[in-house]
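Shown here: target-v9.cif, mmCIF, C-alpha atoms; chains and numbers go by the auth columns.
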data_entry
#
loop_
_atom_site.group_PDB
_atom_site.id
_atom_site.type_symbol
_atom_site.label_atom_id
_atom_site.label_comp_id
_atom_site.label_asym_id
_atom_site.label_seq_id
_atom_site.Cartn_x
_atom_site.Cartn_y
_atom_site.Cartn_z
_atom_site.B_iso_or_equiv
_atom_site.auth_seq_id
_atom_site.auth_asym_id
ATOM 1 C CA MET A 1 -19.720 139.180 108.068 0.00 1 A
ATOM 2 C CA ALA A 2 -19.919 142.531 109.869 0.00 2 A
ATOM 3 C CA THR A 3 -23.253 144.301 109.534 0.00 3 A
ATOM 4 C CA PHE A 4 -24.406 147.781 110.542 0.00 4 A
ATOM 5 C CA ARG A 5 -27.254 148.015 113.037 0.00 5 A
ATOM 6 C CA ARG A 6 -29.144 151.008 114.364 0.00 6 A
ATOM 7 C CA SER A 7 -29.579 151.288 118.124 0.00 7 A
ATOM 8 C CA ARG A 8 -32.616 152.656 119.957 0.00 8 A
ATOM 9 C CA HIS A 9 -30.506 155.731 120.712 0.00 9 A
ATOM 10 C CA GLY A 10 -30.064 156.547 117.038 0.00 10 A
ATOM 11 C CA LEU A 11 -26.456 155.370 116.771 0.00 11 A
ATOM 12 C CA PHE A 12 -25.188 153.116 114.012 0.00 12 A
ATOM 13 C CA SER A 13 -22.845 150.377 115.154 0.00 13 A
ATOM 14 C CA ILE A 14 -20.810 147.624 113.633 0.00 14 A
ATOM 15 C CA THR A 15 -18.515 145.067 115.214 0.00 15 A
ATOM 16 C CA LEU A 16 -15.460 144.458 113.083 0.00 16 A
ATOM 17 C CA HIS A 17 -13.048 141.544 113.209 0.00 17 A
ATOM 18 C CA VAL A 18 -9.416 142.694 113.325 0.00 18 A
ATOM 19 C CA SER A 19 -8.903 141.765 109.656 0.00 19 A
ATOM 20 C CA GLU A 20 -12.017 143.730 108.623 0.00 20 A
ATOM 21 C CA ALA A 21 -10.966 146.812 110.585 0.00 21 A
ATOM 22 C CA ASP A 22 -7.442 146.680 109.171 0.00 22 A
ATOM 23 C CA LEU A 23 -8.725 146.161 105.633 0.00 23 A
ATOM 24 C CA LEU A 24 -11.119 149.123 105.825 0.00 24 A
ATOM 25 C CA ALA A 25 -8.413 151.359 107.273 0.00 25 A
ATOM 26 C CA SER A 26 -6.029 150.317 104.496 0.00 26 A
ATOM 27 C CA LEU A 27 -8.639 151.035 101.814 0.00 27 A
ATOM 28 C CA ALA A 28 -9.463 154.443 103.309 0.00 28 A
ATOM 29 C CA ARG A 29 -5.750 155.336 103.440 0.00 29 A
ATOM 30 C CA GLU A 30 -5.370 154.349 99.790 0.00 30 A
ATOM 31 C CA VAL A 31 -8.276 156.615 98.836 0.00 31 A
ATOM 32 C CA VAL A 32 -6.733 159.509 100.775 0.00 32 A
ATOM 33 C CA GLU A 33 -3.421 158.967 98.950 0.00 33 A
ATOM 34 C CA LEU A 34 -5.193 158.753 95.592 0.00 34 A
ATOM 35 C CA LEU A 35 -7.053 162.003 96.261 0.00 35 A
ATOM 36 C CA GLU A 36 -4.107 163.999 97.614 0.00 36 A
ATOM 37 C CA VAL A 37 -4.615 167.570 96.554 0.00 37 A
ATOM 38 C CA GLY A 38 -1.447 169.377 95.580 0.00 38 A
ATOM 39 C CA GLU A 39 -0.823 173.057 95.961 0.00 39 A
ATOM 40 C CA PRO A 40 -2.785 175.311 93.635 0.00 40 A
ATOM 41 C CA PRO A 41 -0.840 176.309 90.537 0.00 41 A
ATOM 42 C CA ALA A 42 1.343 179.393 90.879 0.00 42 A
ATOM 43 C CA ARG A 43 -0.292 182.541 89.620 0.00 43 A
ATOM 44 C CA SER A 44 1.311 184.451 86.818 0.00 44 A
ATOM 45 C CA VAL A 45 2.198 188.098 87.335 0.00 45 A
ATOM 46 C CA ASP A 46 0.324 190.590 85.188 0.00 46 A
ATOM 47 C CA PRO A 47 2.988 192.720 83.418 0.00 47 A
ATOM 48 C CA LEU A 48 0.953 195.925 83.832 0.00 48 A
ATOM 49 C CA ALA A 49 0.404 195.236 87.528 0.00 49 A
ATOM 50 C CA ALA A 50 4.166 194.671 87.899 0.00 50 A
ATOM 51 C CA GLN A 51 4.948 198.005 86.199 0.00 51 A
ATOM 52 C CA LEU A 52 2.477 199.817 88.439 0.00 52 A
ATOM 53 C CA GLY A 53 3.736 198.081 91.581 0.00 53 A
ATOM 54 C CA LEU A 54 0.425 196.302 92.160 0.00 54 A
ATOM 55 C CA THR A 55 1.680 192.709 92.195 0.00 55 A
ATOM 56 C CA ASP A 56 0.265 192.125 95.673 0.00 56 A
ATOM 57 C CA LEU A 57 -3.298 192.573 94.352 0.00 57 A
ATOM 58 C CA PRO A 58 -5.041 189.612 92.730 0.00 58 A
ATOM 59 C CA ALA A 59 -6.109 189.916 89.131 0.00 59 A
ATOM 60 C CA PHE A 60 -9.870 189.905 88.577 0.00 60 A
ATOM 61 C CA ASP A 61 -9.856 186.367 87.174 0.00 61 A
ATOM 62 C CA GLU A 62 -7.602 185.102 89.965 0.00 62 A
ATOM 63 C CA LEU A 63 -9.615 186.084 93.032 0.00 63 A
ATOM 64 C CA PRO A 64 -9.022 183.368 95.627 0.00 64 A
ATOM 65 C CA ASP A 65 -12.648 183.061 96.684 0.00 65 A
ATOM 66 C CA LEU A 66 -13.682 181.928 93.201 0.00 66 A
ATOM 67 C CA GLY A 67 -11.862 178.614 93.665 0.00 67 A
ATOM 68 C CA ALA A 68 -10.850 178.568 90.012 0.00 68 A
ATOM 69 C CA ASP A 69 -7.523 176.848 90.613 0.00 69 A
ATOM 70 C CA GLY A 70 -8.467 173.305 89.701 0.00 70 A
ATOM 71 C CA PRO A 71 -7.428 171.255 86.692 0.00 71 A
ATOM 72 C CA THR A 72 -9.179 171.679 83.346 0.00 72 A
ATOM 73 C CA THR A 73 -8.574 168.215 81.912 0.00 73 A
ATOM 74 C CA ALA A 74 -9.825 164.836 83.076 0.00 74 A
ATOM 75 C CA PRO A 75 -7.372 162.838 85.203 0.00 75 A
ATOM 76 C CA GLU A 76 -5.285 160.194 83.453 0.00 76 A
ATOM 77 C CA ASP A 77 -5.954 157.556 86.130 0.00 77 A
ATOM 78 C CA GLU A 78 -9.125 155.597 85.350 0.00 78 A
ATOM 79 C CA VAL A 79 -10.230 155.577 88.992 0.00 79 A
ATOM 80 C CA LEU A 80 -9.889 159.340 89.281 0.00 80 A
ATOM 81 C CA ARG A 81 -11.818 159.718 86.015 0.00 81 A
ATOM 82 C CA ARG A 82 -14.589 157.610 87.592 0.00 82 A
ATOM 83 C CA LEU A 83 -14.558 159.662 90.792 0.00 83 A
ATOM 84 C CA PHE A 84 -14.451 162.959 88.841 0.00 84 A
ATOM 85 C CA PRO A 85 -16.229 162.385 85.513 0.00 85 A
ATOM 86 C CA ASP A 86 -16.717 165.079 82.885 0.00 86 A
ATOM 87 C CA ALA A 87 -19.772 167.118 83.800 0.00 87 A
ATOM 88 C CA TYR A 88 -21.091 167.438 80.264 0.00 88 A
ATOM 89 C CA GLY A 89 -19.628 164.346 78.657 0.00 89 A
ATOM 90 C CA ALA A 90 -16.209 164.239 77.082 0.00 90 A
ATOM 91 C CA ASP A 91 -17.425 165.165 73.612 0.00 91 A
ATOM 92 C CA ALA A 92 -20.555 167.239 74.343 0.00 92 A
ATOM 93 C CA ASP A 93 -18.987 170.543 75.381 0.00 93 A
ATOM 94 C CA PRO A 94 -15.249 170.350 76.130 0.00 94 A
ATOM 95 C CA GLN A 95 -14.985 173.999 77.237 0.00 95 A
ATOM 96 C CA ALA A 96 -17.951 173.742 79.631 0.00 96 A
ATOM 97 C CA SER A 97 -16.508 170.508 81.058 0.00 97 A
ATOM 98 C CA ALA A 98 -13.103 172.162 81.505 0.00 98 A
ATOM 99 C CA ASP A 99 -14.651 175.178 83.242 0.00 99 A
ATOM 100 C CA PHE A 100 -16.788 173.001 85.500 0.00 100 A
ATOM 101 C CA ARG A 101 -13.786 170.860 86.440 0.00 101 A
ATOM 102 C CA ARG A 102 -11.639 173.938 87.105 0.00 102 A
ATOM 103 C CA PHE A 103 -14.168 175.304 89.605 0.00 103 A
ATOM 104 C CA THR A 104 -15.217 172.052 91.287 0.00 104 A
ATOM 105 C CA GLU A 105 -12.590 169.293 91.216 0.00 105 A
ATOM 106 C CA ARG A 106 -10.311 170.653 93.939 0.00 106 A
ATOM 107 C CA GLY A 107 -13.223 171.056 96.373 0.00 107 A
ATOM 108 C CA LEU A 108 -14.622 167.631 95.509 0.00 108 A
ATOM 109 C CA ARG A 109 -11.217 166.031 96.062 0.00 109 A
ATOM 110 C CA GLU A 110 -10.970 167.709 99.454 0.00 110 A
ATOM 111 C CA LYS A 111 -14.469 166.523 100.458 0.00 111 A
ATOM 112 C CA LYS A 112 -13.797 162.964 99.369 0.00 112 A
ATOM 113 C CA ALA A 113 -10.439 162.898 101.170 0.00 113 A
ATOM 114 C CA ALA A 114 -12.103 164.355 104.296 0.00 114 A
ATOM 115 C CA ALA A 115 -14.692 161.556 104.240 0.00 115 A
ATOM 116 C CA ALA A 116 -11.964 158.901 103.975 0.00 116 A
ATOM 117 C CA ARG A 117 -10.041 160.583 106.805 0.00 117 A
ATOM 118 C CA GLY A 118 -13.227 160.684 108.886 0.00 118 A
ATOM 119 C CA MET A 119 -13.682 156.965 108.338 0.00 119 A
ATOM 120 C CA LEU A 120 -10.055 156.404 109.362 0.00 120 A
ATOM 121 C CA ALA A 121 -10.552 158.424 112.555 0.00 121 A
ATOM 122 C CA THR A 122 -13.484 156.255 113.642 0.00 122 A
ATOM 123 C CA LEU A 123 -11.582 153.085 112.730 0.00 123 A
ATOM 124 C CA ASP A 124 -8.448 154.114 114.621 0.00 124 A
ATOM 125 C CA PRO A 125 -9.508 152.611 117.990 0.00 125 A
ATOM 126 C CA VAL A 126 -10.211 149.196 116.434 0.00 126 A
ATOM 127 C CA VAL A 127 -7.314 148.902 113.971 0.00 127 A
ATOM 128 C CA GLY A 128 -5.022 146.052 114.950 0.00 128 A
ATOM 129 C CA GLN A 129 -7.499 144.592 117.420 0.00 129 A
ATOM 130 C CA GLY A 130 -11.034 144.692 116.026 0.00 130 A
ATOM 131 C CA GLY A 131 -14.027 145.854 118.002 0.00 131 A
ATOM 132 C CA ARG A 132 -17.134 147.958 117.852 0.00 132 A
ATOM 133 C CA VAL A 133 -17.475 151.194 115.908 0.00 133 A
ATOM 134 C CA GLN A 134 -20.366 153.511 116.729 0.00 134 A
ATOM 135 C CA LEU A 135 -21.427 156.350 114.487 0.00 135 A
ATOM 136 C CA ASP A 136 -23.864 159.204 114.880 0.00 136 A
ATOM 137 C CA ALA A 137 -25.873 160.352 111.833 0.00 137 A
ATOM 138 C CA ASP A 138 -23.034 162.583 110.583 0.00 138 A
ATOM 139 C CA GLY A 139 -20.534 159.769 111.026 0.00 139 A
ATOM 140 C CA ALA A 140 -22.826 157.407 109.118 0.00 140 A
ATOM 141 C CA ARG A 141 -23.026 159.865 106.208 0.00 141 A
ATOM 142 C CA THR A 142 -19.230 160.198 106.277 0.00 142 A
ATOM 143 C CA TRP A 143 -18.867 156.415 106.104 0.00 143 A
ATOM 144 C CA LEU A 144 -21.378 156.229 103.246 0.00 144 A
ATOM 145 C CA ALA A 145 -19.388 158.769 101.248 0.00 145 A
ATOM 146 C CA ALA A 146 -16.100 156.977 101.970 0.00 146 A
ATOM 147 C CA LEU A 147 -17.516 153.528 101.212 0.00 147 A
ATOM 148 C CA ASN A 148 -18.974 154.835 97.967 0.00 148 A
ATOM 149 C CA ASP A 149 -15.575 156.136 96.842 0.00 149 A
ATOM 150 C CA ILE A 150 -13.834 152.928 97.923 0.00 150 A
ATOM 151 C CA ARG A 151 -16.352 150.857 95.962 0.00 151 A
ATOM 152 C CA LEU A 152 -16.043 153.080 92.881 0.00 152 A
ATOM 153 C CA ALA A 153 -12.261 152.721 92.998 0.00 153 A
ATOM 154 C CA LEU A 154 -12.386 148.945 93.457 0.00 154 A
ATOM 155 C CA GLY A 155 -15.128 148.525 90.868 0.00 155 A
ATOM 156 C CA THR A 156 -13.211 150.539 88.302 0.00 156 A
ATOM 157 C CA ARG A 157 -10.028 148.511 88.801 0.00 157 A
ATOM 158 C CA LEU A 158 -12.037 145.264 88.627 0.00 158 A
ATOM 159 C CA GLY A 159 -13.971 146.316 85.540 0.00 159 A
ATOM 160 C CA VAL A 160 -17.378 146.059 87.200 0.00 160 A
ATOM 161 C CA SER A 161 -20.219 146.798 84.782 0.00 161 A
ATOM 162 C CA ASP A 162 -23.872 145.986 84.339 0.00 162 A
ATOM 163 C CA ASP A 163 -23.084 143.938 81.251 0.00 163 A
ATOM 164 C CA SER A 164 -20.745 141.303 82.608 0.00 164 A
ATOM 165 C CA ASP A 165 -19.823 139.209 85.608 0.00 165 A
ATOM 166 C CA PRO A 166 -16.058 138.565 85.369 0.00 166 A
ATOM 167 C CA TYR A 167 -16.084 137.020 88.855 0.00 167 A
ATOM 168 C CA ALA A 168 -17.995 134.001 87.571 0.00 168 A
ATOM 169 C CA GLU A 169 -15.245 133.364 85.015 0.00 169 A
ATOM 170 C CA LEU A 170 -12.335 133.434 87.506 0.00 170 A
ATOM 171 C CA ALA A 171 -10.565 130.245 88.491 0.00 171 A
ATOM 172 C CA GLU A 172 -10.763 129.236 92.142 0.00 172 A
ATOM 173 C CA ASP A 173 -7.081 130.062 92.693 0.00 173 A
ATOM 174 C CA ASP A 174 -7.130 133.391 90.810 0.00 174 A
ATOM 175 C CA PRO A 175 -5.785 136.206 93.063 0.00 175 A
ATOM 176 C CA ALA A 176 -8.459 138.522 91.645 0.00 176 A
ATOM 177 C CA ARG A 177 -11.012 136.573 93.698 0.00 177 A
ATOM 178 C CA TRP A 178 -9.651 138.332 96.804 0.00 178 A
ATOM 179 C CA ALA A 179 -10.254 141.742 95.226 0.00 179 A
ATOM 180 C CA TRP A 180 -13.802 140.699 94.350 0.00 180 A
ATOM 181 C CA ALA A 181 -14.371 139.512 97.925 0.00 181 A
ATOM 182 C CA VAL A 182 -13.222 142.916 99.184 0.00 182 A
ATOM 183 C CA TYR A 183 -15.582 144.616 96.724 0.00 183 A
ATOM 184 C CA ASP A 184 -18.470 142.414 97.930 0.00 184 A
ATOM 185 C CA PHE A 185 -17.597 143.176 101.569 0.00 185 A
ATOM 186 C CA THR A 186 -17.631 146.941 101.039 0.00 186 A
ATOM 187 C CA THR A 187 -20.884 146.603 99.073 0.00 187 A
ATOM 188 C CA HIS A 188 -22.415 144.700 101.990 0.00 188 A
ATOM 189 C CA LEU A 189 -21.297 147.362 104.474 0.00 189 A
ATOM 190 C CA GLN A 190 -22.698 150.173 102.355 0.00 190 A
ATOM 191 C CA GLU A 191 -25.974 148.332 101.855 0.00 191 A
ATOM 192 C CA THR A 192 -26.474 147.561 105.544 0.00 192 A
ATOM 193 C CA LEU A 193 -25.579 151.121 106.529 0.00 193 A
ATOM 194 C CA VAL A 194 -28.100 152.529 104.037 0.00 194 A
ATOM 195 C CA ARG A 195 -30.787 150.161 105.376 0.00 195 A
ATOM 196 C CA SER A 196 -29.946 151.249 108.938 0.00 196 A
ATOM 197 C CA LEU A 197 -30.399 154.876 107.988 0.00 197 A
ATOM 198 C CA LEU A 198 -33.923 154.302 106.625 0.00 198 A
#
Starting from the file, give its structure as structure tokens.
Amino acid sequence: MATFRRSRHGLFSITLHVSEADLLASLAREVVELLEVGEPPARSVDPLAAQLGLTDLPAFDELPDLGADGPTTAPEDEVLRRLFPDAYGADADPQASADFRRFTERGLREKKAAAARGMLATLDPVVGQGGRVQLDADGARTWLAALNDIRLALGTRLGVSDDSDPYAELAEDDPARWAWAVYDFTTHLQETLVRSLL
């Protein structure tokens, strides 16, 4: 199984088999698709501003640099809820959670998608053929972020929890075993990369 190693020159390298490189690229692409950020919602026109001919000026609460154009409710998809949980708990303070989400989710989505795209860019030379990937410290942090999101997505779909081990209960021919193997592989990569960074 592929393992990250740190060189004397401070680079982090891993040699991937063609199937491993293709799998990681596929997973990163799926995360990018899952995180696609749509256009910000259209802004409503203030009736007074329209009467005064000031529609080209932003309203105080709509200043673009505030970044307040995100959603206010938790995503319906369970994976997205895991990647973007309520800041204050679903029942603790719904208004504070909505405000926090409105100001942060769009930026977080963009950062997570950028990490997955960064992983894809470093995988591009080895996709379809396998080979060695070398990362500098920034690249290693990008991979850690992307691997973390991939693992959270896989773990959520698989129902991973501290309380149970569904893998042990699966039959040998159960197709879910493949998904668990992929989860274990990404866990191994993240673990060896973290150890290399220490």
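Counting only C-alpha atoms, the residue from A:Leu158, A:Leu34, A:Leu189, A:Ala137 that sits nearest to Leu170 of chain A is A:Leu158.
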Excluding segment 69-72 of chain A and any residue of its chain fewer than 6 positions from it, enumerate the residues within 9 Å of it, using only C-alpha atoms, and give them as number ranges by chain.
-> A: 40-41, 62, 95, 97-107
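Distance annotation: of A:Gln129, A:Ser161, A:Thr15, A:Ser196, the residue with the minimal separation from Arg141 of chain A is A:Ser196; atom set is all atoms listed in the file.
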Could you write out as a VMD selection string the residues that the PyMOL selection byres ((chain A and resi 131-134) around 6) matches in the shown file?
-> chain A and resid 12 to 16 126 130 135
Gap from atom CA of Leu120 of chain A to atom CA of Tyr167 of chain A - Å, one decimal |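 Computing it gives 28.9 Å between the two atoms.
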Please identify all polymer residues within 10 Å of Ser19 of chain A, counting all atoms listed in the file, omitting same-chain residues fewer than 4 positions from it, and present them as a ChimeraX atom specification.
-> /A:23-25,127-130
Next, the residues of the selection above should be written as a PDB file, in the coordinates of the input with C-alpha atoms.
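The new file again04.pdb reads:
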ATOM      1  CA  LEU A  23      -8.725 146.161 105.633  1.00  0.00           C
ATOM      2  CA  LEU A  24     -11.119 149.123 105.825  1.00  0.00           C
ATOM      3  CA  ALA A  25      -8.413 151.359 107.273  1.00  0.00           C
ATOM      4  CA  VAL A 127      -7.314 148.902 113.971  1.00  0.00           C
ATOM      5  CA  GLY A 128      -5.022 146.052 114.950  1.00  0.00           C
ATOM      6  CA  GLN A 129      -7.499 144.592 117.420  1.00  0.00           C
ATOM      7  CA  GLY A 130     -11.034 144.692 116.026  1.00  0.00           C
TER       8      GLY A 130
END
Any idea what the distance is between atom CA of Pro85 of chain A and atom CA of Leu147 of chain A?
->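 Atom-to-atom, atom CA of Pro85 of chain A to atom CA of Leu147 of chain A, that is 18.1 Å.
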Choose the residue, out of A:Trp178, A:Arg8, A:Ala145, A:Met1, that has the smallest atom-to-atom separation from Glu20 of chain A; count only C-alpha atoms.
-> A:Met1
From atom CA of Asp149 of chain A to atom CA of Ala114 of chain A the spacing works out at 11.6 Å
From the set A:Leu154, A:Ala21, A:Ala116, A:Val31, which residue has the shortest atom-to-atom contact distance to Ala179 of chain A, counting all atoms listed in the file?
->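 Residue with the minimum atom-to-atom distance to Ala179 of chain A: A:Leu154.
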